[in-house]
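The next block holds one structure in the form of structure tokens; read it before the comments.
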Amino acid sequence: MAVMKIRKGHGRNFDVELPVEAYIAVASKLVTYLVIGAVWMQLTQIEVALPSVGDSSSTSAQQELSLTIKVDEKQIQIVASGGSLPPFPNLPDGEFDLPKLEEKLGEIKTKFQGQREVILAVQATIKYEKIVNLMDVCIRKGFDGIALSPYTPPWAAPAAAPAGK
Amino acid sequence: MAFFSRKKKHAELPKVSLISLVDFFTCLIFFLLQIQDLGAGAVVSKDIQLPLSISTIEIKSSTIVAITPTDILVEGFSAGHIEEEVKREDFAIPLLEEYLIKIRERAAKQAAATGAEWEGRLIIQGHKDVNFEILKRVLFTAGKSGFSIMSLAVVHAGGDEGTPDAKPAGGS
């Protein structure tokens, strides 16, 4: 027990024993519980703008360069107000050609250094993890103002129509 | 040696001061509680595997919408089943919208009481394998419910710190 001196009137001191063992027992259990329950991985966030339900190209008319990356299951294509680049088909293993995208975004960034906004127009069937991978490439190249927008590639349009997409 | 042992025999056991230990435990508990209270990111449903990202923006306390492989959860409550919601013609998810409007109204009242302005922050904790179909519906519903700042929760993957042109072109 911890001893605590209490001074009362007339200069008399009293030693009072505080039962801190109980507190330590509770505290140690609480610490153990909190340590086990704590999530030690470092969580971060990516801010995104609202998706546009309609035409993806109309949302950024006011921007300097309406840079849009159209992503579907087969390819990636960069489209801007000045025109569009030839699409990059997926790699033989089915993954997006991210190195190529990064290279092209780097070239665009050198020409339009003030440009930070980009619209990711994504097909509905693309996995969330792949979208984050695409966002990482954009962030790495300095395009951190990312907006997400739905996109239906021409080849998928007839199949998507009955589902109401 | 004999001198040492003789002296020890007669010496009183020293009193252990537990006060500093109590202080230490108290500080440690507050620290751990604070980590847990970061809330927005610290509590991730066990059904969700967040994707890895290079983003370094710290998570701010916000309303959380979780997308598990099967369900949409708001603050831990189910707001819809993915299988049913993706078939809906309207993009908005009704139950999610209802929950978010209630949260918005409550948060706006609390903010008004303290003189602060409600920011309308929302964090989406999505399982890495969910489709964009459901993600866009959640984003649309959140926007419709008045949430204007939306973020995707990710696990920091390390590497270059998300700085522009930190990697040579061509590296993925």
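By order of appearance in the structure tokens: chains A, B, ..., then residues from 1 within every chain, and ligands from 1 in the order shown.
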As number ranges by chain, please: the residues near range 143-157 of chain A (cut-off 6 Å, only C-alpha atoms, same-chain neighbours under 3 positions excluded).
A: 48-49, 51-52, 116-123, 138-139, 160
Keeping only C-alpha atoms, write the selected residues as a PDB file, in the first residue's frame.
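Writing the result to selection.pdb gives the following:
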ATOM      1  CA  VAL A  48     -12.222  12.006 -53.439  1.00  0.00           C
ATOM      2  CA  ALA A  49     -14.733  14.268 -55.054  1.00  0.00           C
ATOM      3  CA  PRO A  51     -18.978  11.110 -58.727  1.00  0.00           C
ATOM      4  CA  SER A  52     -21.030  12.542 -61.501  1.00  0.00           C
ATOM      5  CA  ARG A 116      -3.789  18.795 -60.131  1.00  0.00           C
ATOM      6  CA  GLU A 117      -7.312  17.653 -60.909  1.00  0.00           C
ATOM      7  CA  VAL A 118      -8.049  14.397 -62.609  1.00  0.00           C
ATOM      8  CA  ILE A 119     -11.253  12.473 -63.136  1.00  0.00           C
ATOM      9  CA  LEU A 120     -11.113   8.715 -62.851  1.00  0.00           C
ATOM     10  CA  ALA A 121     -13.975   7.411 -64.953  1.00  0.00           C
ATOM     11  CA  VAL A 122     -14.272   3.820 -63.842  1.00  0.00           C
ATOM     12  CA  GLN A 123     -16.311   0.900 -65.112  1.00  0.00           C
ATOM     13  CA  CYS A 138      -2.142   9.837 -59.961  1.00  0.00           C
ATOM     14  CA  ILE A 139      -1.025  11.029 -56.505  1.00  0.00           C
ATOM     15  CA  ALA A 160     -25.046  -2.742 -68.928  1.00  0.00           C
TER      16      ALA A 160
END
Closest pair table for chain A residues within 8 Å of chain B, only C-alpha atoms, as JSON lines:
{"residue": "A:Met1", "atom": "CA", "partner": "B:Leu18", "partner_atom": "CA", "distance": 7.6}
{"residue": "A:Ala2", "atom": "CA", "partner": "B:Leu18", "partner_atom": "CA", "distance": 6.0}
{"residue": "A:Val20", "atom": "CA", "partner": "B:Leu18", "partner_atom": "CA", "distance": 7.4}
{"residue": "A:Tyr23", "atom": "CA", "partner": "B:Val22", "partner_atom": "CA", "distance": 7.7}
{"residue": "A:Ile24", "atom": "CA", "partner": "B:Val22", "partner_atom": "CA", "distance": 6.5}
{"residue": "A:Ala27", "atom": "CA", "partner": "B:Phe25", "partner_atom": "CA", "distance": 6.2}
{"residue": "A:Ser28", "atom": "CA", "partner": "B:Phe25", "partner_atom": "CA", "distance": 7.2}
{"residue": "A:Leu30", "atom": "CA", "partner": "B:Ile29", "partner_atom": "CA", "distance": 7.4}
{"residue": "A:Val31", "atom": "CA", "partner": "B:Ile29", "partner_atom": "CA", "distance": 6.0}
{"residue": "A:Leu34", "atom": "CA", "partner": "B:Leu32", "partner_atom": "CA", "distance": 6.2}
{"residue": "A:Val35", "atom": "CA", "partner": "B:Leu32", "partner_atom": "CA", "distance": 7.2}
{"residue": "A:Ala38", "atom": "CA", "partner": "B:Gln36", "partner_atom": "CA", "distance": 6.6}
{"residue": "A:Val39", "atom": "CA", "partner": "B:Ala42", "partner_atom": "CA", "distance": 5.8}
{"residue": "A:Met41", "atom": "CA", "partner": "B:Val155", "partner_atom": "CA", "distance": 6.9}
{"residue": "A:Gln42", "atom": "CA", "partner": "B:His156", "partner_atom": "CA", "distance": 5.6}
{"residue": "A:Leu43", "atom": "CA", "partner": "B:Val155", "partner_atom": "CA", "distance": 4.6}
{"residue": "A:Thr44", "atom": "CA", "partner": "B:Glu58", "partner_atom": "CA", "distance": 4.9}
{"residue": "A:Gln45", "atom": "CA", "partner": "B:Ala153", "partner_atom": "CA", "distance": 4.5}
{"residue": "A:Ile46", "atom": "CA", "partner": "B:Leu152", "partner_atom": "CA", "distance": 5.1}
{"residue": "A:Glu47", "atom": "CA", "partner": "B:Ser151", "partner_atom": "CA", "distance": 4.1}
{"residue": "A:Val48", "atom": "CA", "partner": "B:Ser151", "partner_atom": "CA", "distance": 5.6}
{"residue": "A:Ala49", "atom": "CA", "partner": "B:Met150", "partner_atom": "CA", "distance": 6.7}
{"residue": "A:Leu50", "atom": "CA", "partner": "B:Leu139", "partner_atom": "CA", "distance": 6.5}
{"residue": "A:Pro51", "atom": "CA", "partner": "B:Phe140", "partner_atom": "CA", "distance": 6.7}
{"residue": "A:Leu98", "atom": "CA", "partner": "B:Ser172", "partner_atom": "CA", "distance": 5.9}
{"residue": "A:Pro99", "atom": "CA", "partner": "B:Gly170", "partner_atom": "CA", "distance": 4.4}
{"residue": "A:Lys100", "atom": "CA", "partner": "B:Gly170", "partner_atom": "CA", "distance": 6.1}
{"residue": "A:Glu102", "atom": "CA", "partner": "B:Gly170", "partner_atom": "CA", "distance": 5.9}
{"residue": "A:Glu103", "atom": "CA", "partner": "B:Ala169", "partner_atom": "CA", "distance": 4.7}
{"residue": "A:Gly106", "atom": "CA", "partner": "B:Ala169", "partner_atom": "CA", "distance": 6.4}
{"residue": "A:Val122", "atom": "CA", "partner": "B:Phe132", "partner_atom": "CA", "distance": 7.3}
{"residue": "A:Gln123", "atom": "CA", "partner": "B:Phe132", "partner_atom": "CA", "distance": 7.1}
{"residue": "A:Ala124", "atom": "CA", "partner": "B:Glu133", "partner_atom": "CA", "distance": 4.3}
{"residue": "A:Thr125", "atom": "CA", "partner": "B:Asn131", "partner_atom": "CA", "distance": 5.3}
{"residue": "A:Ile126", "atom": "CA", "partner": "B:Asn131", "partner_atom": "CA", "distance": 5.5}
{"residue": "A:Lys127", "atom": "CA", "partner": "B:Asn131", "partner_atom": "CA", "distance": 4.5}
{"residue": "A:Tyr128", "atom": "CA", "partner": "B:Lys128", "partner_atom": "CA", "distance": 5.3}
{"residue": "A:Glu129", "atom": "CA", "partner": "B:Lys128", "partner_atom": "CA", "distance": 4.6}
{"residue": "A:Val132", "atom": "CA", "partner": "B:Ser53", "partner_atom": "CA", "distance": 6.7}
{"residue": "A:Asn133", "atom": "CA", "partner": "B:Ser53", "partner_atom": "CA", "distance": 7.0}
{"residue": "A:Asp136", "atom": "CA", "partner": "B:Ile54", "partner_atom": "CA", "distance": 6.1}
{"residue": "A:Val137", "atom": "CA", "partner": "B:Ser172", "partner_atom": "CA", "distance": 7.3}
{"residue": "A:Ile139", "atom": "CA", "partner": "B:Gly162", "partner_atom": "CA", "distance": 6.0}
{"residue": "A:Arg140", "atom": "CA", "partner": "B:Pro164", "partner_atom": "CA", "distance": 4.8}
{"residue": "A:Lys141", "atom": "CA", "partner": "B:Pro164", "partner_atom": "CA", "distance": 4.6}
{"residue": "A:Gly142", "atom": "CA", "partner": "B:Pro164", "partner_atom": "CA", "distance": 4.2}
{"residue": "A:Phe143", "atom": "CA", "partner": "B:Pro164", "partner_atom": "CA", "distance": 7.9}
{"residue": "A:Leu148", "atom": "CA", "partner": "B:Lys136", "partner_atom": "CA", "distance": 7.9}
{"residue": "A:Ser149", "atom": "CA", "partner": "B:Lys136", "partner_atom": "CA", "distance": 7.6}
{"residue": "A:Pro150", "atom": "CA", "partner": "B:Lys136", "partner_atom": "CA", "distance": 7.2}
{"residue": "A:Ala163", "atom": "CA", "partner": "B:Lys87", "partner_atom": "CA", "distance": 6.9}
{"residue": "A:Gly164", "atom": "CA", "partner": "B:Glu89", "partner_atom": "CA", "distance": 5.4}
{"residue": "A:Lys165", "atom": "CA", "partner": "B:Glu89", "partner_atom": "CA", "distance": 7.5}
CA of Asp47 in chain B and CA of Val138 in chain B are how many Å apart?
17.9 Å
From a DSSP calculation on the backbone, collect every residue of range 26-141 of chain B in strand (DSSP E) and output the set as a VMD selection string.
chain B and resid 52 to 53 57 to 58 63 to 67 71 to 74 77 to 81 121 to 126
Between CA of Glu73 in chain A and CA of Leu85 in chain A, distance in Å (one decimal)
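Here the two named atoms are 17.6 Å from each other.
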Name all residues at most 10 Å from Phe77 in chain B (count only C-alpha atoms; drop same-chain ones fewer than 5 positions away) and give them as a PyMOL selection string.
chain B and resi 65-66+71-72+96+99
CA of Thr63 in chain B to CA of Arg104 in chain B, straight-line distance in Å:
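These two atoms are separated by 9.1 Å.
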Among range 3-116 of chain B, which residues carry a DSSP assignment of alpha helix (DSSP H), reported as a PyMOL selection string?
chain B and resi 3-10+19-37+82-85+94-114
Give me the residues near Gln75 in chain A as number ranges by chain, where near means some atom within 12 Å (using only C-alpha atoms) and where sequence neighbours in that chain fewer than 3 positions away do not count.
A: 69-72, 78, 86-92, 94-98, 100-101, 122-123, 126, 153, 155
For Glu105 in chain B, please output as a ChimeraX atom specification all residues within 10 Å (counting only C-alpha atoms; exclusion window: fewer than 6 positions along the same chain).
/B:111,118,146
Take the residues from that selection and put them in a file with all heavy atoms, as a CSV table (one decimal), in the first residue's frame.
chain,number,residue,atom,x,y,z
B,111,ALA,N,-22.7,20.7,-33.6
B,111,ALA,CA,-21.8,21.8,-34.0
B,111,ALA,C,-22.3,23.1,-33.7
B,111,ALA,O,-21.6,24.0,-33.3
B,111,ALA,CB,-21.5,21.6,-35.5
B,118,TRP,N,-20.3,22.5,-39.1
B,118,TRP,CA,-20.2,21.1,-39.4
B,118,TRP,C,-19.6,20.9,-40.8
B,118,TRP,O,-20.0,21.5,-41.7
B,118,TRP,CB,-21.6,20.4,-39.4
B,118,TRP,CG,-21.6,19.0,-39.7
B,118,TRP,CD1,-21.1,18.0,-39.0
B,118,TRP,CD2,-22.2,18.4,-40.9
B,118,TRP,NE1,-21.3,16.8,-39.6
B,118,TRP,CE2,-21.9,17.0,-40.8
B,118,TRP,CE3,-22.9,18.9,-42.0
B,118,TRP,CZ2,-22.4,16.1,-41.7
B,118,TRP,CZ3,-23.3,17.9,-42.9
B,118,TRP,CH2,-23.0,16.6,-42.8
B,146,GLY,N,-25.9,15.2,-47.9
B,146,GLY,CA,-25.3,16.4,-47.4
B,146,GLY,C,-23.8,16.3,-47.0
B,146,GLY,O,-23.3,17.3,-46.5
With distances taken over only C-alpha atoms, which of A:Lys74, A:Ile131, A:Tyr33, A:Leu67 is nearest to Lys104 in chain A?
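Answer, going by the shortest atom-to-atom distance: A:Leu67.
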